[in-house]
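Colleague: input.tsv is the file, holding TSV, C-alpha atoms:
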chain	number	residue	atom	x	y	z
X	1	MET	CA	11.11	1.09	20.80
X	2	LEU	CA	13.26	-0.28	17.95
X	3	LYS	CA	15.93	-1.35	20.44
X	4	ARG	CA	13.38	-3.54	22.22
X	5	LEU	CA	12.63	-5.54	19.07
X	6	GLY	CA	14.15	-9.01	19.09
X	7	MET	CA	15.21	-11.20	16.19
X	8	LEU	CA	11.78	-12.88	16.09
X	9	ASP	CA	10.07	-9.49	15.88
X	10	TRP	CA	12.19	-8.48	12.91
X	11	ILE	CA	11.42	-11.78	11.17
X	12	ARG	CA	7.68	-11.17	11.64
X	13	ILE	CA	7.96	-7.59	10.36
X	14	GLY	CA	10.06	-8.79	7.42
X	15	LEU	CA	7.42	-11.37	6.53
X	16	LEU	CA	4.70	-8.70	6.47
X	17	VAL	CA	6.86	-6.32	4.40
X	18	LEU	CA	7.60	-9.12	1.94
X	19	GLY	CA	3.88	-9.85	1.62
X	20	ILE	CA	3.14	-6.17	0.95
X	21	VAL	CA	5.90	-6.09	-1.70
X	22	PHE	CA	4.32	-9.12	-3.40
X	23	VAL	CA	1.00	-7.26	-3.59
X	24	LEU	CA	2.51	-3.95	-4.79
X	25	THR	CA	4.53	-5.67	-7.52
X	26	GLY	CA	1.56	-7.69	-8.72
X	27	LEU	CA	3.10	-11.06	-7.86
X	28	LEU	CA	-0.01	-11.53	-5.71
X	29	PRO	CA	-3.08	-9.98	-7.38
X	30	LEU	CA	-4.91	-7.46	-5.22
X	31	GLU	CA	-8.15	-9.45	-5.38
X	32	SER	CA	-6.37	-12.57	-4.06
X	33	ALA	CA	-4.74	-10.55	-1.27
X	34	VAL	CA	-8.07	-9.04	-0.20
X	35	GLU	CA	-9.72	-12.47	-0.26
X	36	SER	CA	-6.90	-13.94	1.83
X	37	LEU	CA	-7.02	-11.15	4.42
X	38	ASP	CA	-10.80	-11.36	4.57
X	39	ASP	CA	-10.45	-15.02	5.55
X	40	ILE	CA	-8.30	-14.20	8.58
X	41	GLY	CA	-10.36	-11.29	9.94
X	42	PRO	CA	-12.21	-13.43	12.53
X	43	LEU	CA	-8.91	-15.18	13.40
X	44	LEU	CA	-7.23	-11.86	14.22
X	45	VAL	CA	-10.18	-10.78	16.40
X	46	PHE	CA	-9.98	-14.10	18.23
X	47	LEU	CA	-6.23	-13.72	18.81
X	48	VAL	CA	-6.63	-10.28	20.36
X	49	GLY	CA	-9.53	-11.38	22.56
X	50	VAL	CA	-8.03	-14.60	23.88
X	51	ILE	CA	-4.53	-13.17	24.49
X	52	VAL	CA	-5.92	-10.16	26.38
X	53	LEU	CA	-8.17	-12.46	28.41
X	54	ALA	CA	-5.31	-14.86	29.20
X	55	GLU	CA	-2.79	-12.12	30.02
X	56	LEU	CA	-5.11	-10.30	32.43
X	57	THR	CA	-6.16	-13.63	33.96
X	58	LYS	CA	-2.49	-14.29	34.70
X	59	GLU	CA	-2.12	-10.78	36.21
X	60	ALA	CA	-5.09	-11.54	38.48
X	61	GLN	CA	-3.05	-14.57	39.67
X	62	VAL	CA	-5.70	-17.13	38.70
X	63	PHE	CA	-3.05	-19.41	37.20
X	64	ASP	CA	-0.75	-18.91	40.21
X	65	ALA	CA	-3.51	-19.87	42.62
X	66	ILE	CA	-4.34	-23.03	40.66
X	67	ALA	CA	-0.69	-24.07	40.36
X	68	ALA	CA	-0.02	-23.54	44.07
X	69	ARG	CA	-3.12	-25.49	45.07
X	70	MET	CA	-2.09	-28.28	42.72
X	71	ALA	CA	1.24	-28.55	44.49
X	72	VAL	CA	-0.51	-28.57	47.86
X	73	ALA	CA	-2.97	-31.21	46.65
X	74	GLY	CA	-0.06	-33.43	45.60
X	75	ARG	CA	1.09	-33.54	49.26
X	76	GLY	CA	4.72	-33.95	48.31
X	77	HIS	CA	4.13	-36.97	46.04
X	78	TYR	CA	5.65	-36.52	42.59
X	79	LEU	CA	3.31	-38.98	40.89
X	80	ALA	CA	0.25	-37.05	42.11
X	81	LEU	CA	1.83	-33.74	41.08
X	82	PHE	CA	2.65	-35.20	37.66
X	83	PHE	CA	-0.98	-36.09	36.96
X	84	LEU	CA	-2.20	-32.72	38.24
X	85	CYS	CA	0.32	-30.75	36.13
X	86	THR	CA	-0.38	-32.70	32.94
X	87	ALA	CA	-4.13	-32.28	33.45
X	88	PHE	CA	-3.75	-28.52	34.06
X	89	ALA	CA	-1.46	-27.98	31.04
X	90	SER	CA	-3.79	-30.03	28.82
X	91	PHE	CA	-6.86	-28.10	30.00
X	92	VAL	CA	-5.25	-24.69	29.38
X	93	THR	CA	-4.03	-25.76	25.93
X	94	ILE	CA	-7.37	-27.21	24.86
X	95	PHE	CA	-9.51	-24.26	25.95
X	96	LEU	CA	-7.12	-21.26	25.84
X	97	ASN	CA	-4.76	-22.45	23.03
X	98	LEU	CA	-1.14	-23.57	23.02
X	99	ASP	CA	0.40	-20.10	23.06
X	100	THR	CA	-1.35	-19.35	26.35
X	101	THR	CA	0.22	-22.49	27.84
X	102	ALA	CA	3.68	-21.55	26.55
X	103	VAL	CA	3.55	-17.83	27.33
X	104	LEU	CA	1.52	-17.64	30.54
X	105	LEU	CA	1.53	-21.06	32.18
X	106	THR	CA	5.27	-21.68	31.80
X	107	PRO	CA	6.31	-18.73	34.03
X	108	VAL	CA	3.75	-19.81	36.65
X	109	MET	CA	5.13	-23.35	36.74
X	110	LEU	CA	8.73	-22.16	36.82
X	111	ALA	CA	7.95	-19.75	39.66
X	112	LEU	CA	6.36	-22.64	41.54
X	113	ALA	CA	9.52	-24.77	41.25
X	114	PRO	CA	11.72	-22.92	43.79
X	115	ARG	CA	8.83	-22.38	46.20
X	116	ALA	CA	8.18	-26.12	46.39
X	117	ARG	CA	11.83	-27.12	45.81
X	118	ILE	CA	10.85	-28.92	42.62
X	119	ALA	CA	13.23	-29.43	39.70
X	120	ALA	CA	12.28	-26.85	37.06
X	121	LEU	CA	13.00	-28.86	33.89
X	122	PRO	CA	10.22	-31.48	34.37
X	123	LEU	CA	7.66	-28.68	34.87
X	124	ALA	CA	8.98	-26.77	31.86
X	125	MET	CA	8.94	-29.80	29.55
X	126	THR	CA	5.40	-30.64	30.68
X	127	THR	CA	4.14	-27.25	29.56
X	128	ILE	CA	5.82	-27.19	26.14
X	129	TRP	CA	5.16	-30.78	25.12
X	130	LEU	CA	1.49	-30.58	26.10
X	131	ALA	CA	1.18	-27.11	24.59
X	132	ASN	CA	1.75	-28.82	21.24
X	133	THR	CA	0.35	-32.32	21.68
X	134	ALA	CA	-2.82	-31.30	23.59
X	135	SER	CA	-3.87	-28.83	20.87
X	136	LEU	CA	-5.98	-31.18	18.73
X	137	LEU	CA	-9.39	-31.27	20.39
X	138	LEU	CA	-11.00	-27.90	19.64
X	139	PRO	CA	-10.67	-25.28	16.89
X	140	VAL	CA	-9.36	-22.76	19.45
X	141	SER	CA	-6.64	-25.09	20.74
X	142	ASN	CA	-4.25	-24.23	17.89
X	143	LEU	CA	-4.07	-21.58	15.18
X	144	THR	CA	-3.73	-24.35	12.59
X	145	ASN	CA	-7.15	-25.65	13.65
X	146	LEU	CA	-8.63	-22.19	13.19
X	147	LEU	CA	-6.99	-21.90	9.77
X	148	ALA	CA	-8.64	-25.19	8.81
X	149	MET	CA	-12.17	-24.20	9.85
X	150	ASP	CA	-13.10	-22.65	6.47
X	151	ARG	CA	-12.24	-25.93	4.78
X	152	ILE	CA	-13.69	-28.25	7.42
X	153	ASN	CA	-16.86	-26.24	8.11
X	154	LEU	CA	-17.73	-27.98	11.40
X	155	ARG	CA	-19.01	-26.71	14.73
X	156	PRO	CA	-16.63	-27.10	17.72
X	157	GLU	CA	-18.49	-30.13	19.08
X	158	GLN	CA	-18.39	-31.80	15.64
X	159	PHE	CA	-14.68	-31.06	15.38
X	160	ALA	CA	-14.14	-32.56	18.85
X	161	ALA	CA	-16.19	-35.65	17.91
X	162	ILE	CA	-13.59	-36.42	15.24
X	163	MET	CA	-10.48	-35.40	17.19
X	164	TRP	CA	-11.19	-36.82	20.66
X	165	ALA	CA	-9.48	-40.17	19.99
X	166	PRO	CA	-6.29	-38.69	18.45
X	167	GLN	CA	-6.23	-36.16	21.30
X	168	LEU	CA	-6.43	-38.83	24.00
X	169	ALA	CA	-3.73	-40.82	22.20
X	170	ALA	CA	-1.45	-37.77	21.96
X	171	ILE	CA	-1.82	-36.92	25.65
X	172	ALA	CA	-1.29	-40.54	26.72
X	173	VAL	CA	1.94	-40.91	24.70
X	174	THR	CA	3.16	-37.51	25.91
X	175	MET	CA	2.54	-38.40	29.56
X	176	LEU	CA	4.34	-41.73	29.18
X	177	LEU	CA	7.46	-40.17	27.65
X	178	LEU	CA	7.39	-37.21	30.05
X	179	TRP	CA	7.53	-39.60	32.98
X	180	VAL	CA	10.27	-41.73	31.44
X	181	PHE	CA	12.54	-38.89	30.32
X	182	TYR	CA	11.89	-36.11	32.85
X	183	TRP	CA	9.75	-37.06	35.86
X	184	ARG	CA	10.94	-40.42	37.22
X	185	LEU	CA	13.21	-40.45	40.25
X	186	LYS	CA	16.46	-40.89	38.32
X	187	GLN	CA	15.68	-37.77	36.26
X	188	ARG	CA	14.20	-35.42	38.88
X	189	GLY	CA	16.68	-36.33	41.66
X	190	GLU	CA	14.28	-35.97	44.61
X	191	VAL	CA	11.99	-38.48	46.34
X	192	ARG	CA	9.47	-35.89	47.56
X	193	TYR	CA	8.86	-32.16	47.29
X	194	THR	CA	7.79	-29.57	49.82
X	195	PRO	CA	4.21	-28.33	49.32
X	196	PRO	CA	4.25	-24.51	49.12
X	197	VAL	CA	2.37	-22.14	51.36
X	198	VAL	CA	-0.68	-20.80	49.51
X	199	GLN	CA	-0.60	-17.01	49.34
X	200	PRO	CA	-3.83	-14.98	49.64
X	201	VAL	CA	-5.26	-13.46	46.46
X	202	PRO	CA	-4.30	-9.74	46.34
X	203	ASP	CA	-7.54	-8.56	44.68
X	204	ARG	CA	-10.57	-10.82	44.95
X	205	VAL	CA	-12.64	-8.69	42.56
X	206	LEU	CA	-10.11	-9.02	39.73
X	207	PHE	CA	-9.61	-12.69	40.57
X	208	GLY	CA	-13.36	-13.30	40.35
X	209	ALA	CA	-13.79	-11.28	37.15
X	210	ALA	CA	-10.93	-13.09	35.43
X	211	SER	CA	-12.27	-16.48	36.51
X	212	LEU	CA	-15.74	-15.53	35.25
X	213	GLY	CA	-14.32	-14.32	31.94
X	214	CYS	CA	-12.50	-17.61	31.35
X	215	LEU	CA	-15.54	-19.70	32.27
X	216	LEU	CA	-17.75	-17.61	29.98
X	217	PHE	CA	-15.28	-18.03	27.12
X	218	ILE	CA	-15.17	-21.80	27.58
X	219	GLY	CA	-18.96	-21.98	27.81
X	220	LEU	CA	-19.49	-19.94	24.64
X	221	LEU	CA	-17.05	-22.00	22.58
X	222	PHE	CA	-19.74	-24.57	21.87
X	223	ALA	CA	-22.44	-22.03	21.04
X	224	VAL	CA	-20.85	-19.38	18.80
X	225	ASP	CA	-17.81	-18.80	16.57
X	226	PRO	CA	-14.45	-18.68	18.42
X	227	TRP	CA	-13.98	-14.94	17.89
X	228	MET	CA	-17.44	-14.24	19.33
X	229	ALA	CA	-16.67	-16.46	22.33
X	230	ALA	CA	-13.42	-14.64	23.12
X	231	LEU	CA	-14.78	-11.09	23.12
X	232	PRO	CA	-17.29	-11.15	26.06
X	233	GLY	CA	-14.78	-12.72	28.46
X	234	ALA	CA	-12.10	-10.23	27.43
X	235	VAL	CA	-14.51	-7.31	27.87
X	236	ILE	CA	-15.47	-8.44	31.39
X	237	VAL	CA	-11.84	-8.60	32.49
X	238	VAL	CA	-10.88	-5.31	30.78
X	239	VAL	CA	-13.78	-3.50	32.49
X	240	ALA	CA	-12.78	-4.96	35.86
X	241	TYR	CA	-9.21	-3.73	35.41
X	242	ALA	CA	-10.43	-0.33	34.22
X	243	VAL	CA	-12.20	0.04	37.56
X	244	ARG	CA	-9.66	-1.63	39.88
X	245	ASP	CA	-6.20	-1.33	38.31
X	246	ARG	CA	-6.22	0.81	35.18
X	247	LYS	CA	-2.43	1.04	34.87
X	248	ARG	CA	-2.36	-2.64	33.82
X	249	LEU	CA	-4.32	-1.81	30.66
X	250	THR	CA	-1.51	-0.98	28.24
X	251	TRP	CA	-1.07	-1.42	24.50
X	252	SER	CA	1.44	-4.20	25.22
X	253	LEU	CA	-1.57	-6.46	25.89
X	254	VAL	CA	-2.37	-6.45	22.16
X	255	PRO	CA	-0.43	-9.33	20.52
X	256	TRP	CA	0.87	-7.25	17.63
X	257	GLN	CA	3.65	-9.76	16.91
X	258	LEU	CA	1.12	-12.52	16.23
X	259	LEU	CA	-1.12	-10.22	14.18
X	260	ILE	CA	1.80	-9.18	11.98
X	261	PHE	CA	3.04	-12.76	11.60
X	262	VAL	CA	-0.35	-14.19	10.62
X	263	THR	CA	-1.11	-11.33	8.21
X	264	GLY	CA	2.28	-11.66	6.51
X	265	LEU	CA	1.85	-15.42	6.34
X	266	PHE	CA	-1.46	-15.07	4.48
X	267	LEU	CA	0.19	-12.86	1.88
X	268	VAL	CA	3.47	-14.72	1.38
X	269	VAL	CA	2.28	-18.35	1.25
X	270	PRO	CA	-0.43	-17.75	-1.43
X	271	THR	CA	2.17	-15.93	-3.55
X	272	LEU	CA	4.73	-18.73	-3.28
X	273	SER	CA	2.00	-21.27	-4.05
X	274	ARG	CA	1.34	-19.49	-7.37
X	275	TYR	CA	5.01	-19.90	-8.35
X	276	GLY	CA	5.88	-23.52	-7.67
X	277	LEU	CA	5.36	-24.15	-3.96
X	278	ALA	CA	2.06	-25.95	-4.56
X	279	ASP	CA	3.73	-28.36	-7.00
X	280	LEU	CA	6.47	-29.15	-4.49
X	281	MET	CA	3.96	-29.74	-1.69
X	282	GLY	CA	1.86	-31.97	-3.94
X	283	TRP	CA	4.93	-34.09	-4.76
X	284	MET	CA	5.75	-34.45	-1.05
X	285	LEU	CA	2.21	-35.59	-0.15
X	286	GLY	CA	1.84	-37.97	-3.11
X	287	THR	CA	-1.37	-38.74	-4.92
X	288	ASN	CA	-3.00	-41.47	-2.82
X	289	GLY	CA	-4.00	-39.27	0.16
X	290	ASP	CA	-2.18	-41.50	2.69
X	291	PRO	CA	-2.96	-39.99	6.15
X	292	TYR	CA	0.26	-41.38	7.71
X	293	ARG	CA	2.43	-39.84	5.00
X	294	THR	CA	0.50	-36.58	5.28
X	295	ALA	CA	1.04	-36.39	9.04
X	296	PHE	CA	4.77	-37.09	8.79
X	297	VAL	CA	5.25	-34.63	5.92
X	298	GLY	CA	3.39	-31.99	7.96
X	299	ALA	CA	5.53	-32.68	11.03
X	300	GLY	CA	8.75	-32.67	9.02
X	301	LEU	CA	7.93	-29.38	7.32
X	302	ALA	CA	6.80	-27.86	10.63
X	303	ASN	CA	10.12	-28.75	12.27
X	304	SER	CA	11.93	-27.31	9.26
X	305	ILE	CA	10.20	-23.95	8.88
X	306	ASN	CA	7.41	-23.63	11.54
X	307	ASN	CA	4.00	-25.28	11.78
X	308	LEU	CA	1.85	-22.34	10.62
X	309	PRO	CA	3.46	-21.83	7.19
X	310	ALA	CA	3.83	-25.62	6.91
X	311	TYR	CA	0.10	-26.12	7.41
X	312	LYS	CA	-0.85	-23.29	5.08
X	313	ALA	CA	1.44	-24.54	2.31
X	314	LEU	CA	0.23	-28.15	2.51
X	315	GLU	CA	-3.46	-27.33	2.95
X	316	GLY	CA	-3.61	-25.79	-0.50
X	317	VAL	CA	-2.76	-29.04	-2.29
X	318	ILE	CA	-5.12	-31.33	-0.35
X	319	PRO	CA	-8.37	-31.91	-2.29
X	320	TYR	CA	-11.51	-30.48	-0.72
X	321	THR	CA	-13.01	-33.98	-0.66
X	322	SER	CA	-10.13	-35.42	1.42
X	323	ARG	CA	-11.33	-34.38	4.87
X	324	GLN	CA	-9.53	-37.24	6.65
X	325	GLN	CA	-6.24	-36.21	5.02
X	326	LEU	CA	-6.75	-32.64	6.24
X	327	PHE	CA	-7.28	-33.90	9.80
X	328	ALA	CA	-4.12	-36.01	9.44
X	329	LEU	CA	-2.27	-32.85	8.42
X	330	LEU	CA	-3.51	-31.17	11.59
X	331	VAL	CA	-2.15	-34.10	13.60
X	332	GLY	CA	1.23	-33.64	11.93
X	333	THR	CA	1.43	-29.86	12.35
X	334	ASN	CA	0.04	-29.88	15.93
X	335	VAL	CA	1.61	-32.95	17.54
X	336	GLY	CA	4.77	-33.09	15.40
X	337	PRO	CA	6.42	-29.69	16.14
X	338	VAL	CA	8.25	-30.89	19.28
X	339	ILE	CA	11.73	-31.44	17.87
X	340	THR	CA	13.28	-28.12	16.80
X	341	PRO	CA	13.12	-24.86	18.81
X	342	TRP	CA	11.45	-23.02	15.91
X	343	ALA	CA	8.86	-25.68	15.03
X	344	SER	CA	6.02	-23.70	16.59
X	345	LEU	CA	5.62	-20.16	17.85
X	346	ALA	CA	4.76	-21.61	21.27
X	347	THR	CA	8.14	-23.38	21.45
X	348	LEU	CA	10.02	-20.21	20.55
X	349	LEU	CA	8.18	-18.27	23.26
X	350	TRP	CA	8.77	-21.11	25.73
X	351	PHE	CA	12.55	-21.04	25.18
X	352	GLU	CA	12.56	-17.31	25.85
X	353	SER	CA	10.59	-17.82	29.09
X	354	CYS	CA	13.04	-20.51	30.23
X	355	ARG	CA	15.97	-18.20	29.49
X	356	ARG	CA	14.44	-15.36	31.52
X	357	HIS	CA	13.92	-17.71	34.49
X	358	GLY	CA	17.44	-19.12	34.30
X	359	VAL	CA	16.30	-22.65	33.40
X	360	ARG	CA	18.88	-24.48	31.30
X	361	VAL	CA	17.38	-26.69	28.60
X	362	PRO	CA	19.89	-29.34	27.40
X	363	MET	CA	19.57	-28.99	23.62
X	364	ARG	CA	20.68	-32.50	22.66
X	365	ARG	CA	18.25	-33.98	25.16
X	366	PHE	CA	15.47	-31.68	23.96
X	367	LEU	CA	16.03	-32.68	20.31
X	368	ALA	CA	16.39	-36.41	20.98
X	369	THR	CA	13.40	-36.79	23.29
X	370	GLY	CA	11.26	-34.58	21.05
X	371	ALA	CA	12.14	-36.69	18.01
X	372	LEU	CA	11.16	-39.85	19.87
X	373	LEU	CA	7.89	-38.25	21.00
X	374	ALA	CA	7.02	-37.29	17.43
X	375	ALA	CA	8.04	-40.70	16.07
X	376	VAL	CA	5.79	-42.52	18.54
X	377	ALA	CA	2.86	-40.10	18.84
X	378	LEU	CA	2.24	-39.41	15.14
X	379	PRO	CA	1.44	-42.97	13.98
X	380	VAL	CA	-0.58	-43.66	17.16
X	381	CYS	CA	-2.65	-40.48	16.69
X	382	VAL	CA	-3.23	-41.08	12.98
X	383	TRP	CA	-4.27	-44.68	13.74
X	384	ALA	CA	-6.76	-43.33	16.31
X	385	LEU	CA	-8.05	-40.85	13.70
X	386	VAL	CA	-8.43	-43.47	10.97
X	387	MET	CA	-9.97	-46.12	13.18
Represent the structure from my file as structure tokens, please.

Modeller:
Amino acid sequence: MLKRLGMLDWIRIGLLVLGIVFVLTGLLPLESAVESLDDIGPLLVFLVGVIVLAELTKEAQVFDAIAARMAVAGRGHYLALFFLCTAFASFVTIFLNLDTTAVLLTPVMLALAPRARIAALPLAMTTIWLANTASLLLPVSNLTNLLAMDRINLRPEQFAAIMWAPQLAAIAVTMLLLWVFYWRLKQRGEVRYTPPVVQPVPDRVLFGAASLGCLLFIGLLFAVDPWMAALPGAVIVVVAYAVRDRKRLTWSLVPWQLLIFVTGLFLVVPTLSRYGLADLMGWMLGTNGDPYRTAFVGAGLANSINNLPAYKALEGVIPYTSRQQLFALLVGTNVGPVITPWASLATLLWFESCRRHGVRVPMRRFLATGALLAAVALPVCVWALVM
């Protein structure tokens, strides 16, 4: 088991161990640690529910069927396929969160590429850019949004009422730059593609149960808390697999890496904030609550260390009365982490998926185009938020 742990796994474990050491040595008082962990209880339940739901939905080939039918619907026209792929990636990110897009949708799109003789890089870049930039609209779209819910205290529809304009702006800028840098004829190298042959669904019962579970989850998002919305859909799919294909129900479905990372994060960041981190973050944000500065600082810190600790560190120094500044921070830590490979957990997982599928990602091109996307999208999204 230890041999199967990668570098990322050891970093997550190390973060949790460091957090435990802070508590045991008194650097983080026990009461503060308990309060911090109590805050993330619903978040951890949500993570387990939504990842299990998404993973078993992928195993039921729901995503494969949608991707194949998208390629058929495009009828060999790249422009039509482009709009279908960006819509699909945006939908999955918004309703099933960015990690689902990076972890589960990326392999589906990359598997579609050879079947339809489509260049793999445009499909891969579509998934990872929209995994980040399409994660503004709902609390469940990104873990940073969920982390902010205690401070914001809004229902999902109220959250969406504030974020719909920045979200549309982010998707529009992302689509424009995707087409320019990866999808136009000079970049993709082919005039048309070959629509694939749609394969029959191997198990219609599992396919139907997974589809129902996803629809139920999406429907409940606007009625109950995110963790309560994720559980019924996950239960439906788990029960279906218990009856039809029990061997698929393994402990590997539980996202222990994410659980460890988030738990460690909520112990380490509060400790560092007590010993100078809060002062540094306050100096970086300034005192006038400028939303543009806040978004760029959030994006810069996310690309330096990762968006989750960046958000958590900066959130603590934003006054409770500065709600617009907190939303600007979400813009920065959601839309901005598109430059470095470690800027978000989704990007790290995406690189691993590309490596397993033999897709070469030109690093200089990835960094340069990501920097341009962030430079253009951030001010446009903040303007949409402010206006």

Colleague: Looking at X:Leu221, X:Ala120, X:Ala375, X:Leu258, which one is nearest to Arg155 in chain X, with distances taken over all atoms listed in the file?

Modeller: X:Leu221

Colleague: What separation in Å, quoted to one decimal, exists between CA of Gly316 in chain X and CA of Glu31 in chain X?

Modeller: 17.6 Å

Colleague: Separation of CA of Ser90 in chain X and CA of Arg323 in chain X, in Å?

Modeller: 25.5 Å

Colleague: With distances taken over only C-alpha atoms, which residue among X:Leu79, X:Ala377, X:Leu47, X:Ile305 lies nearest Trp179 in chain X?

Modeller: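 Closest to Trp179 in chain X of all the choices is X:Leu79.
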
Colleague: Find the residue from X:Leu176, X:Ile171, X:Glu35, X:Leu43 that sits nearest to Val140 in chain X; use only C-alpha atoms when measuring.

Modeller: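 Closest to Val140 in chain X of all the choices is X:Leu43.
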
Colleague: Which protein, DNA or RNA residues have an atom at most 7 Å from (4.0, -33.1, 11.0), counting only C-alpha atoms? List them as a list in words.

Modeller: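 The requested residues, written out, are Ala295, Phe296, Val297, Gly298, Ala299, Gly300, Leu301, Ala302, Leu329, Val331, Gly332, Thr333, Val335, Gly336 and Pro337 of chain X.
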
Colleague: Counting all atoms listed in the file, which of X:Pro255, X:Pro379, X:Gly19, X:Gly282 gets nearest to Thr100 in chain X?

Modeller: X:Pro255

Colleague: Which distance in Å separates CA of Thr86 in chain X and CA of Gly233 in chain X, to one decimal?

Modeller: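 Value for the CA of Thr86 in chain X-CA of Gly233 in chain X distance: 25.0 Å.
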
Colleague: Excluding Arg151 in chain X and its own-chain neighbours fewer than 4 positions away, which residues fall within 9 Å of it when counting all atoms listed in the file? Please give them as a PyMOL selection string.

Modeller: chain X and resi 147+320+323+326

Colleague: Of the candidates X:Ser135, X:Asn153, X:Met387, X:Trp129, which shows the shortest atom-to-atom distance to Thr347 in chain X, using all atoms listed in the file?

Modeller: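 So, comparing all the options, the nearest one is X:Trp129.
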
Colleague: Under the rule that only C-alpha atoms are counted, which of X:Leu53, X:Ala310, X:Val268, X:Leu372 is the nearest residue to Val338 in chain X?

Modeller: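 The shortest atom-to-atom distance to Val338 in chain X comes from X:Leu372.
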
Colleague: If you count only C-alpha atoms, which residues fall within 12 Å of Thr194 in chain X, apart from same-chain ones fewer than 4 positions away, as a list in words?

Modeller: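 The residues satisfying every condition are Ala68, Ala71, Val72, Ala73, Gly74, Arg75, Gly76, His77, Tyr78, Leu81, Leu112, Ala113, Pro114, Arg115, Ala116, Arg117, Ile118, Ala119 and Glu190 of chain X.
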
Colleague: Please define a box with edges along x, y and z of the file around all atoms of range 366-376 of chain X given in the file, extend it by 6 Å on each side, and return its centre and edge lengths in Å to one decimal, as lines of an AutoDock Vina configuration file.

Modeller:
center_x = 11.1
center_y = -37.1
center_z = 20.0
size_x = 22.6
size_y = 22.8
size_z = 19.9

Colleague: Residues of range 24-103 of chain X that have any atom at most 9 Å from an atom of range 236-243 of chain X: could you tabulate them with the shortest-distance atom pair and the distance in Å to one decimal, using all atoms listed in the file, ordered by chain and increasing number, as CSV?

Modeller:
residue,atom,partner,partner_atom,distance
X:Val52,CA,X:Val238,CA,8.2
X:Leu53,CA,X:Val237,CA,6.7
X:Leu56,CA,X:Val237,CA,6.9
X:Thr57,CA,X:Val237,CA,7.7

Colleague: Please check which residues have atoms at most 10 Å from (1.0, -25.4, -4.4) in the file's coordinates, counting only C-alpha atoms, and write them as a ChimeraX atom specification.

Modeller: /X:269-283,312-318

Colleague: For the residues selected in the previous step, produce a file with C-alpha atoms as a short mmCIF file (atom, residue, chain, number, x, y, z; two decimals), in the frame of the given file.

Modeller:
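Dumped to result30.cif:
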data_model
loop_
_atom_site.label_atom_id
_atom_site.label_comp_id
_atom_site.auth_asym_id
_atom_site.auth_seq_id
_atom_site.Cartn_x
_atom_site.Cartn_y
_atom_site.Cartn_z
CA VAL X 269 2.28 -18.35 1.25
CA PRO X 270 -0.43 -17.75 -1.43
CA THR X 271 2.17 -15.93 -3.55
CA LEU X 272 4.73 -18.73 -3.28
CA SER X 273 2.00 -21.27 -4.05
CA ARG X 274 1.34 -19.49 -7.37
CA TYR X 275 5.01 -19.90 -8.35
CA GLY X 276 5.88 -23.52 -7.67
CA LEU X 277 5.36 -24.15 -3.96
CA ALA X 278 2.06 -25.95 -4.56
CA ASP X 279 3.73 -28.36 -7.00
CA LEU X 280 6.47 -29.15 -4.49
CA MET X 281 3.96 -29.74 -1.69
CA GLY X 282 1.86 -31.97 -3.94
CA TRP X 283 4.93 -34.09 -4.76
CA LYS X 312 -0.85 -23.29 5.08
CA ALA X 313 1.44 -24.54 2.31
CA LEU X 314 0.23 -28.15 2.51
CA GLU X 315 -3.46 -27.33 2.95
CA GLY X 316 -3.61 -25.79 -0.50
CA VAL X 317 -2.76 -29.04 -2.29
CA ILE X 318 -5.12 -31.33 -0.35
#

Colleague: Mind checking which residues fall within 12 Å of Met7 in chain X, counting all atoms listed in the file, ignoring those fewer than 5 positions away in the same chain, and posting them as a list of chain:residue names?

Modeller: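 Once the nearby chain positions are removed, what remains is X:Leu2, X:Arg12, X:Ile13, X:Gly14, X:Gln257, X:Leu348, X:Glu352.
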